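Chemist: I'd like to ask you about the structure that follows.
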12 protein chains.
Amino acid sequence: MTDLIAVVHGPNLNMLGKREIGIYGGKTLDDVNSEVKVEADKLGVSIECFQSNSEGELVTFIHKCRGRVKGVLLNAGAYTHYSIALRDAIAAAQVSVIEVHISNVFKRESFRHISVIAPVCIGQICGFGSQGYILALRALLEEKLDPWLI
Amino acid sequence: MTDLIAVVHGPNLNMLGKREIGIYGGKTLDDVNSEVKVEADKLGVSIECFQSNSEGELVTFIHKCRGRVKGVLLNAGAYTHYSIALRDAIAAAQVSVIEVHISNVFKRESFRHISVIAPVCIGQICGFGSQGYILALRALLEEKLDPWLI
Amino acid sequence: MTDLIAVVHGPNLNMLGKREIGIYGGKTLDDVNSEVKVEADKLGVSIECFQSNSEGELVTFIHKCRGRVKGVLLNAGAYTHYSIALRDAIAAAQVSVIEVHISNVFKRESFRHISVIAPVCIGQICGFGSQGYILALRALLEEKLDPWLI
Amino acid sequence: MTDLIAVVHGPNLNMLGKREIGIYGGKTLDDVNSEVKVEADKLGVSIECFQSNSEGELVTFIHKCRGRVKGVLLNAGAYTHYSIALRDAIAAAQVSVIEVHISNVFKRESFRHISVIAPVCIGQICGFGSQGYILALRALLEEKLDPWLI
Amino acid sequence: MTDLIAVVHGPNLNMLGKREIGIYGGKTLDDVNSEVKVEADKLGVSIECFQSNSEGELVTFIHKCRGRVKGVLLNAGAYTHYSIALRDAIAAAQVSVIEVHISNVFKRESFRHISVIAPVCIGQICGFGSQGYILALRALLEEKLDPWLI
Amino acid sequence: MTDLIAVVHGPNLNMLGKREIGIYGGKTLDDVNSEVKVEADKLGVSIECFQSNSEGELVTFIHKCRGRVKGVLLNAGAYTHYSIALRDAIAAAQVSVIEVHISNVFKRESFRHISVIAPVCIGQICGFGSQGYILALRALLEEKLDPWLI
Amino acid sequence: MTDLIAVVHGPNLNMLGKREIGIYGGKTLDDVNSEVKVEADKLGVSIECFQSNSEGELVTFIHKCRGRVKGVLLNAGAYTHYSIALRDAIAAAQVSVIEVHISNVFKRESFRHISVIAPVCIGQICGFGSQGYILALRALLEEKLDPWLI
Amino acid sequence: MTDLIAVVHGPNLNMLGKREIGIYGGKTLDDVNSEVKVEADKLGVSIECFQSNSEGELVTFIHKCRGRVKGVLLNAGAYTHYSIALRDAIAAAQVSVIEVHISNVFKRESFRHISVIAPVCIGQICGFGSQGYILALRALLEEKLDPWLI
Amino acid sequence: MTDLIAVVHGPNLNMLGKREIGIYGGKTLDDVNSEVKVEADKLGVSIECFQSNSEGELVTFIHKCRGRVKGVLLNAGAYTHYSIALRDAIAAAQVSVIEVHISNVFKRESFRHISVIAPVCIGQICGFGSQGYILALRALLEEKLDPWLI
Amino acid sequence: MTDLIAVVHGPNLNMLGKREIGIYGGKTLDDVNSEVKVEADKLGVSIECFQSNSEGELVTFIHKCRGRVKGVLLNAGAYTHYSIALRDAIAAAQVSVIEVHISNVFKRESFRHISVIAPVCIGQICGFGSQGYILALRALLEEKLDPWLI
Amino acid sequence: MTDLIAVVHGPNLNMLGKREIGIYGGKTLDDVNSEVKVEADKLGVSIECFQSNSEGELVTFIHKCRGRVKGVLLNAGAYTHYSIALRDAIAAAQVSVIEVHISNVFKRESFRHISVIAPVCIGQICGFGSQGYILALRALLEEKLDPWLI
Amino acid sequence: MTDLIAVVHGPNLNMLGKREIGIYGGKTLDDVNSEVKVEADKLGVSIECFQSNSEGELVTFIHKCRGRVKGVLLNAGAYTHYSIALRDAIAAAQVSVIEVHISNVFKRESFRHISVIAPVCIGQICGFGSQGYILALRALLEEKLDPWLI
């Protein structure tokens with residue numbers, strides 16, 4: 001049986017590709033999930049995608065990942081910046097999480113430079129659009145991360 | 001002729017693998033550069049590696065990348081946190097830079113959470129050890145980044 | 001067919017008129033909505049009222065306003081002060097939103113002086129009790145706002 | 001005899017319509033005052049308009065409103081952000097003041113997000129251009145504000 | 001008929017006893033609730049337990065306590081630190097709330113030292129593990145609190 | 001021989017019950033100590049009460065608790081907010097301390113929200129008047145605190 | 001010829017005694033000035049009183065005190081808190097100024113705790129109502145201030 | 001029997017006149033107290049002088065003033081800037097206190113601009129050397145302060 | 001007809017040369033204006049000098065420069081640090097302004113390091129005494145500023 | 001022999017004219033230096049130009065100016081904002097330095113508003129493009145600065 | 001007669017060697033004092049040791065050093081961080097004080113990085129355990145400090 | 001073979017004794033190094049002196065100390081306050097470093113009170129002029145530091 005990877009999208013990501021096409025492009029969230037699936041198939045893992053605008057549902061979903069998935073690709077959207085509940089959920093679930101952001105948050109408003117979840121994630125990938133999820137998937141599946149990462 | 005990618009390491013990265021092996025692992029900077037080279041060969045690009053402890057030399061090297069390299073993988077080390085000179089160099093050189101950090105800087109002292117260069121880079125990859133350079137290389141060489149990235 | 005205006009109430013506004021009558025008066029949320037409806041009828045528009053204590057449901061409702069309503073009268077209650085998710089929802093939904101507060105928030109605790117949604121709304125009306133919704137409705141329906149508003 | 005409403009404009013508002021027409025539109029301060037007058041006539045009240053670039057004159061004018069006007073529509077311009085003298089004048093004059101801003105100040109520089117006069121006004125209306133004065137006039141003249149406003 | 005006491009647990013408390021047993025011990029949330037029930041039986045009151053990861057559901061539950069329960073033992077988890085919505089819900093529900101924390105939050109990250117709900121609660125008990133709920137229950141049921149508490 | 005518990009009161013607590021009876025009630029510090037003694041008798045422990053307005057004497061008393069008392073109930077009064085000396089004394093004395101406050105300090109001036117001693121105490125109980133000492137005594141004497149408290 | 005003392009009142013002090021008599025009492029500014037005159041007569045000096053709501057006029061008046069008056073009793077009202085222009089005027093005029101406040105500004109809003117003029121005055125007297133001017137007058141006329149004041 | 005006024009001096013004031021005569025002058029604390037006594041005799045009141053370097057002793061002395069003295073002239077020295085214990089003592093003692101400083105603290109280091117006791121005193125007199133005590137004495141004994149002081 | 005340049009001096013600059021000659025030198029404002037006039041004559045332009053201590057008059061004067069002068073040399077004195085009204089006046093008048101300071105403000109109190117008008121001026125010249133006006137005049141009249149200035 | 005003036009350019013200024021010609025114009029650093037030379041020739045002084053991206057080399061160059069040059073025109077680029085080493089070098093070299101910036105730094109990011117070297121320079125000229133160097137040269141060579149500059 | 005050096009220890013230093021031996025080692029305060037005495041004997045000076053937990057006693061002791069001791073070795077313990085009273089005592093006593101800390105305070109909590117007494121001491125020695133006192137003694141007794149120390 | 005101690009001087013220390021002799025004295029850096037050498041000879045160790053104005057060279061020199069020197073006496077000059085690169089170099093080199101400052105940095109500008117390298121050094125000695133190096137040398141060579149230093 002193949003390993004399972006959760007791909008978790010936070011608030012407003014359901015609107016991807018449906019708004020401001022000139023700026024955000026035409027890829028919908030389904031498109032992004034499909035791209036990740038194609039890559040997952042190549043790499044021999046399954047993915048389970050989840051999106052919610054609700055902080056509580058995201059917390060609950062992270063809990064359910066515990067002991068069931070090999071890792072989580074998490075784009076927490078705006079909750080990145082203030083959801084200590086989500087941070088605690090990651091710590092409680094004891095699952096490997098990689099933080100993904102589609103845009104380079106450091107080019108945007110200063111309140112987006114703060115991530116309250118970053119300290120409980122393995123690492124962060126931001127600024128590469130939907131490709132960020134692919135990179136994160138690869139990062140998660142590398143046979144063996146350097147054992148000396150802090 | 002193949003595209004050239006610069007792999008730039010800032011202060012103290014020359015000490016990789018030579019210090020605190022229990023913590024940082026045994027890979028030296030040469031090991032890391034070799035790994036990147038193996039990947040670059042696979043992807044059909046050349047790499048040019050550079051390390052300096054000097055802020056000025058790093059600024060000058062970034063200048064020299066202009067019009068000569070397809071992109072830069074930059075781990076600016078401690079200069080990440082205060083070298084506005086390096087930030088301005090990236091802006092002046094008009095070259096695509098991806099910011100790489102070996103450790104998850106967001107798990108460390110709060111002064112390491114600030115990156116003065118992030119707003120002028122394409123994106124950031126941190127927390128994946130030497131694999132971060134490989135991921136950044138792949139990110140840089142993707143045929144076409146989503147055109148809608150902010 | 002008449003234009004539709006959404007009237008959106010955030011957390012705790014369902015308690016209007018049910019608590020501390022000496023202070024907050026006896027109007028319930030239904031009373032307020034009815035008042036807005038009377039005005040809407042006069043002005044020839046329909047209204048759709050929505051209240052939720054859930055940040056996620058508010059985000060989702062705002063998304064659903066897109067392309068369907070002419071504008072939103074939004075009293076985001078406490079979420080006004082920290083829900084970046086709601087802010088992003090407004091930006092994503094590309095709908096005209098007027099921020100309404102029943103009390104003059106600037107007379108209250110300093111944390112109520114911050115509105116994270118104000119920068120993505122057309123304007124703000126606060127301090128006029130339930131009348132604020134009526135004023136906001138009128139503002140939204142003016143034939144033509146001055147074209148030079150920033 | 002009809003009630004009197006003061007319409008008070010602070011510094012630089014005398015330049016309305018005379019500058020940057022592409023951005024601010026062509027309405028002059030006289031145009032705005034005329035619009036308010038038309039509405040006042042409909043509502044059966046008189047208005048008295050006043051503009052000054054001088055903080056001291058504005059303070060003095062507010063004093064003179066005491067016991068003479070039913071209310072004040074006040075766009076204090078830049079003094080909004082620092083004139084504690086004006087704040088104290090409003091408190092001393094014991095007159096109902098509604099704060100009006102033509103632009104949505106929350107979309108602009110952060111120093112414009114601070115209003116030192118807001119805590120001594122009834123409420124605030126901002127972002128609706130010259131229409132804001134009309135809305136404020138209506139708000140002031142409503143027979144009876146909800147008695148439970150804080 | 002016996003008095004009813006609500007025992008309310010916020011986000012991630014459903015994970016108690018299921019994670020990091022070496023650190024957090026083996027008591028589950030059911031164990032904690034049972035302990036409180038045993039004490040409640042001794043003291044002649046009923047308890048109603050509620051847990052949710054959703055801020056909105058917690059707000060709604062607090063509303064429903066109004067006029068129905070004698071008091072609330074509330075461990076708001078991470079929402080303690082930023083949910084102004086919950087704070088407003090407590091104020092609106094006009095019910096006596098005691099804030100409980102399992103760990104001594106003041107020994108942990110500085111963001112956990114802030115409680116936005118503390119000013120609307122009767123008091124706070126933290127650092128005594130599940131015993132904190134028992135202490136809070138006793139505190140709530142004391143025949144008569146000193147009448148002179150601020 | 002019974003266990004000894006120290007009950008330590010900081011500055012101004014000698015004035016309890018002697019001032020502003022309408023606000024603070026008529027219980028004197030002796031009354032409070034007597035109540036704690038009654039409870040201690042029930043629970044089979046002795047208590048030793050100490051009050052001082054002097055930071056130095058409080059530091060010295062805490063030192064003397066070392067190896068002699070089972071625990072300390074400490075209401076440090078105003079020293080709570082700035083006495084690093086007292087904090088260090090607690091750490092040096094290696095004795096279990098529970099922080100008690102008569103009023104809910106979080107409802108008062110913001111400088112009272114800071115406790116420099118909280119991080120070296122087991123836990124905090126505040127807002128329950130003199131009952132807080134009784135609750136703290138019980139907490140201290142529980143056979144076995146959950147072993148998993150942070 | 002007798003020495004001249006200037007008594008200078010800033011913005012809103014012209015409203016003394018005309019507003020909120022229950023709170024501020026019935027003394028007008030004329031009453032206050034008369035009281036100071038009575039005391040001045042006793043002490044054998046003349047006084048010249050000045051009030052303005054205009055920052056610029058206050059600056060100009062202070063300039064005119066130079067070389068003409070023995071000292072200034074200055075209640076700068078709200079300008080106390082931000083008028084660097086007034087501060088510079090005092091420094092430029094090289095005249096002895098005593099800062100007077102009718103109320104105890106330290107009991108009021110925190111922005112009133114800041115005095116930008118205090119560092120260029122001899123000293124400050126606040127909280128004693130109109131008596132403060134009398135005290136300041138006496139202070140100014142003492143034959144010889146201790147020569148060792150910083 | 002005459003009224004009693006306490007004259008209270010905080011830390012380091014015992015060194016007055018014994019140090020840096022060129023700067024601080026040659027008056028000792030006894031000289032200052034004698035000057036106050038001469039004035040008190042004139043005004044028909046007794047004085048009781050107290051100096052301590054100990055925060056606790058100052059707190060205790062303030063307590064003892066309660067119901068025994070008509071008022072306190074308090075120069076709390078360095079404790080002015082951080083002794084919340086002293087602040088609470090003044091509030092508890094319910095005695096009228098006037099804050100006196102020999103130097104103009106606003107001309108000195110910024111940490112001397114903060115007074116934690118000012119909000120619980122009647123008023124503040126600073127910058128007039130030993131004369132400040134005389135002025136404070138007069139202020140305290142005025143038959144009737146304006147009844148409208150905040 | 002020659003171009004006109006306005007030379008505008010803010011509060012307290014009328015005191016130049018009249019105060020503290022040892023420190024500020026003996027040049028009066030007239031001397032400074034004369035020096036600028038001599039230079040203007042050489043350069044073939046006229047100048048119009050204006051000084052006011054009133055913020056409002058300065059605002060009004062700047063308005064009047066619009067469309068009438070080629071540029072403004074502005075030493076706003078203390079208003080530099082807080083007059084947002086003046087800032088807005090410059091923006092509204094659409095005239096080229098060069099900010100001049102006689103002293104090197106960066107060597108003085110930290111509140112003088114802030115210029116609220118700098119972002120709407122062409123540039124700043126400070127620290128060169130009255131020569132600063134001459135330099136500013138020359139700067140303004142250079143045939144052609146580099147077209148690439150930000 | 002003619003006086004020597006050093007013209008010192010910091011990091012990234014070697015890129016002038018080589019980047020973003022649309023924005024920064026086509027003048028190279030050599031062009032700028034040539035312009036200064038032309039002016040120097042007119043004024044009868046020699047210039048020595050130096051550019052480095054290295055903080056240490058700039059420090060060393062400033063040291064070498066001591067006793068050898070009449071003054072320094074210094075555009076420290078990004079080092080302006082954080083190089084305390086450069087600040088100390090200027091103080092140690094005891095040479096007159098004028099700070100020059102090509103752009104108006106106050107229109108740009110807030111971190112560019114800070115100059116750590118300004119307090120040890122004579123003055124600052126910013127916002128006039130390459131002309132700023134010319135103005136600075138003239139300022140430096142004026143026969144006699146007003147002797148009363150702070 | 002030999003010179004006298006005071007060795008002054010602040011709060012909690014009486015607990016040295018009595019607590020947490022694994023961490024703090026087994027040396028008691030007497031041991032430390034004895035070590036200093038041995039060194040003092042070698043260097044031909046006497047020492048007088050003093051320890052107190054009371055801020056007031058430390059202030060008084062510092063006063064008594066005036067004119068009597070050649071210098072003071074002062075480890076003010078926790079008072080280092082907030083005792084402005086102690087700071088003022090050092091300034092008043094006009095005695096040379098060297099600040100000593102056993103641990104490297106800069107490795108500990110951030111509130112320990114602040115020393116309010118450092119600006120009135122000659123210098124600081126920290127991080128060398130009890131040896132720090134020895135080093136400080138030697139520093140104090142050097143025939144002649146460089147005369148050029150700031 | 002004798003142990004080697006590195007004596008490392010940062011930016012501007014090459015200017016010692018060459019500037020402002022009245023203030024800094026006439027000792028050059030060579031004089032200081034010679035003094036340290038004399039002491040080293042007495043203590044039976046060798047020293048190697050190094051000075052650089054370049055942050056990068058200092059980083060590199062620290063690296064080279066690894067495994068080669070017994071310890072480092074480091075006066076990092078201005079880099080003390082911001083060179084995180086130097087801090088990381090010390091951590092990487094795993095060599096014992098003592099931080100030395102010639103002046104008492106705590107008496108100077110507040111930006112000099114921050115040391116970013118202090119947390120990775122053994123301890124700090126400041127304020128004793130060139131004697132500081134001698135004290136640091138002795139500290140480093142003590143047979144055995146107390147084993148209990150934090």
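Naming works like this for the structure tokens: A, B, ... for the chains as they're shown, residue 1 at the start of each chain, ligands 1 onward in shown order.
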Find the residues of chain C that sit at most 6 Å from chain E; for each, write down the nearest two atoms and how far apart they are in Å, to one decimal. Count only C-alpha atoms. Sort by chain, then by number going up, and give it as CSV.
Modeler:
```
residue,atom,partner,partner_atom,distance
C:Asn12,CA,E:Ala89,CA,5.9
C:Asn53,CA,E:Gly56,CA,4.5
C:Ser54,CA,E:Gly56,CA,3.9
C:Ala78,CA,E:Ala85,CA,4.9
```
Chemist: Could you write out that same residue set with all heavy atoms as a PDB file, in the first residue's frame?
Modeler:
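This is the output file result.pdb:
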```
ATOM      1  N   ASN C  12     -21.618  37.291  17.432  1.00  0.00           N
ATOM      2  CA  ASN C  12     -22.297  37.884  18.577  1.00  0.00           C
ATOM      3  C   ASN C  12     -23.407  38.850  18.204  1.00  0.00           C
ATOM      4  O   ASN C  12     -24.166  39.268  19.088  1.00  0.00           O
ATOM      5  CB  ASN C  12     -21.301  38.596  19.529  1.00  0.00           C
ATOM      6  CG  ASN C  12     -20.303  37.632  20.133  1.00  0.00           C
ATOM      7  OD1 ASN C  12     -20.701  36.702  20.820  1.00  0.00           O
ATOM      8  ND2 ASN C  12     -19.014  37.812  19.854  1.00  0.00           N
ATOM      9  N   ASN C  53     -21.505  33.168  13.509  1.00  0.00           N
ATOM     10  CA  ASN C  53     -20.431  33.332  14.483  1.00  0.00           C
ATOM     11  C   ASN C  53     -19.132  32.728  13.968  1.00  0.00           C
ATOM     12  O   ASN C  53     -18.086  32.876  14.600  1.00  0.00           O
ATOM     13  CB  ASN C  53     -20.818  32.674  15.816  1.00  0.00           C
ATOM     14  CG  ASN C  53     -21.980  33.368  16.481  1.00  0.00           C
ATOM     15  OD1 ASN C  53     -22.085  34.600  16.418  1.00  0.00           O
ATOM     16  ND2 ASN C  53     -22.873  32.615  17.099  1.00  0.00           N
ATOM     17  N   SER C  54     -19.201  32.059  12.820  1.00  0.00           N
ATOM     18  CA  SER C  54     -18.043  31.325  12.303  1.00  0.00           C
ATOM     19  C   SER C  54     -17.301  32.132  11.252  1.00  0.00           C
ATOM     20  O   SER C  54     -17.888  32.556  10.233  1.00  0.00           O
ATOM     21  CB  SER C  54     -18.528  30.008  11.680  1.00  0.00           C
ATOM     22  OG  SER C  54     -17.566  29.506  10.778  1.00  0.00           O
ATOM     23  N   ALA C  78     -16.315  41.229  16.025  1.00  0.00           N
ATOM     24  CA  ALA C  78     -14.947  41.087  16.525  1.00  0.00           C
ATOM     25  C   ALA C  78     -13.963  40.680  15.442  1.00  0.00           C
ATOM     26  O   ALA C  78     -12.774  41.006  15.526  1.00  0.00           O
ATOM     27  CB  ALA C  78     -14.912  40.073  17.669  1.00  0.00           C
TER      28      ALA C  78
END
```
Chemist: Tell me, which residues of chain J carry DSSP strand (DSSP E), written as a ChimeraX atom specification?
Modeler: /J:4-9,46-51,71-75,97-101,123-126
Chemist: Would you mind listing what lies within 9 Å of Asn14 (chain B) as an mmCIF file with N, CA and C atoms, in the first residue's frame, with only C-alpha atoms counted and same-chain residues fewer than 6 positions away left out?
Modeler:
```
data_model
loop_
_atom_site.group_PDB
_atom_site.id
_atom_site.type_symbol
_atom_site.label_atom_id
_atom_site.label_comp_id
_atom_site.auth_asym_id
_atom_site.auth_seq_id
_atom_site.Cartn_x
_atom_site.Cartn_y
_atom_site.Cartn_z
ATOM 1 N N THR B 28 30.349 18.513 3.841
ATOM 2 C CA THR B 28 31.062 19.784 3.711
ATOM 3 C C THR B 28 30.404 20.612 2.609
ATOM 4 N N LEU B 29 30.876 21.852 2.472
ATOM 5 C CA LEU B 29 30.340 22.691 1.414
ATOM 6 C C LEU B 29 30.632 22.070 0.055
ATOM 7 N N ASP B 30 31.800 21.437 -0.070
ATOM 8 C CA ASP B 30 32.113 20.761 -1.331
ATOM 9 C C ASP B 30 31.117 19.641 -1.595
ATOM 10 N N GLN B 51 31.689 31.075 -2.632
ATOM 11 C CA GLN B 51 31.450 31.311 -1.206
ATOM 12 C C GLN B 51 32.330 32.449 -0.767
ATOM 13 N N SER B 52 31.774 33.303 0.079
ATOM 14 C CA SER B 52 32.618 34.336 0.659
ATOM 15 C C SER B 52 32.076 34.735 2.032
ATOM 16 N N ASN B 53 32.999 35.078 2.906
ATOM 17 C CA ASN B 53 32.599 35.617 4.198
ATOM 18 C C ASN B 53 32.436 37.133 4.129
#
```
Chemist: For the structure I just gave you, how does DSSP split region 8-133 of chain I - specifically, which residues are helix (DSSP H, G or I)? Reply as number ranges by chain.
Modeler: I: 13-15, 21-24, 29-43, 55-65, 77-81, 84-93, 105-107, 110-113, 118-120, 131-133
Chemist: Which distance in Å separates CA of Tyr79 (chain L) and CA of Ser103 (chain J), to one decimal?
Modeler: 27.4 Å
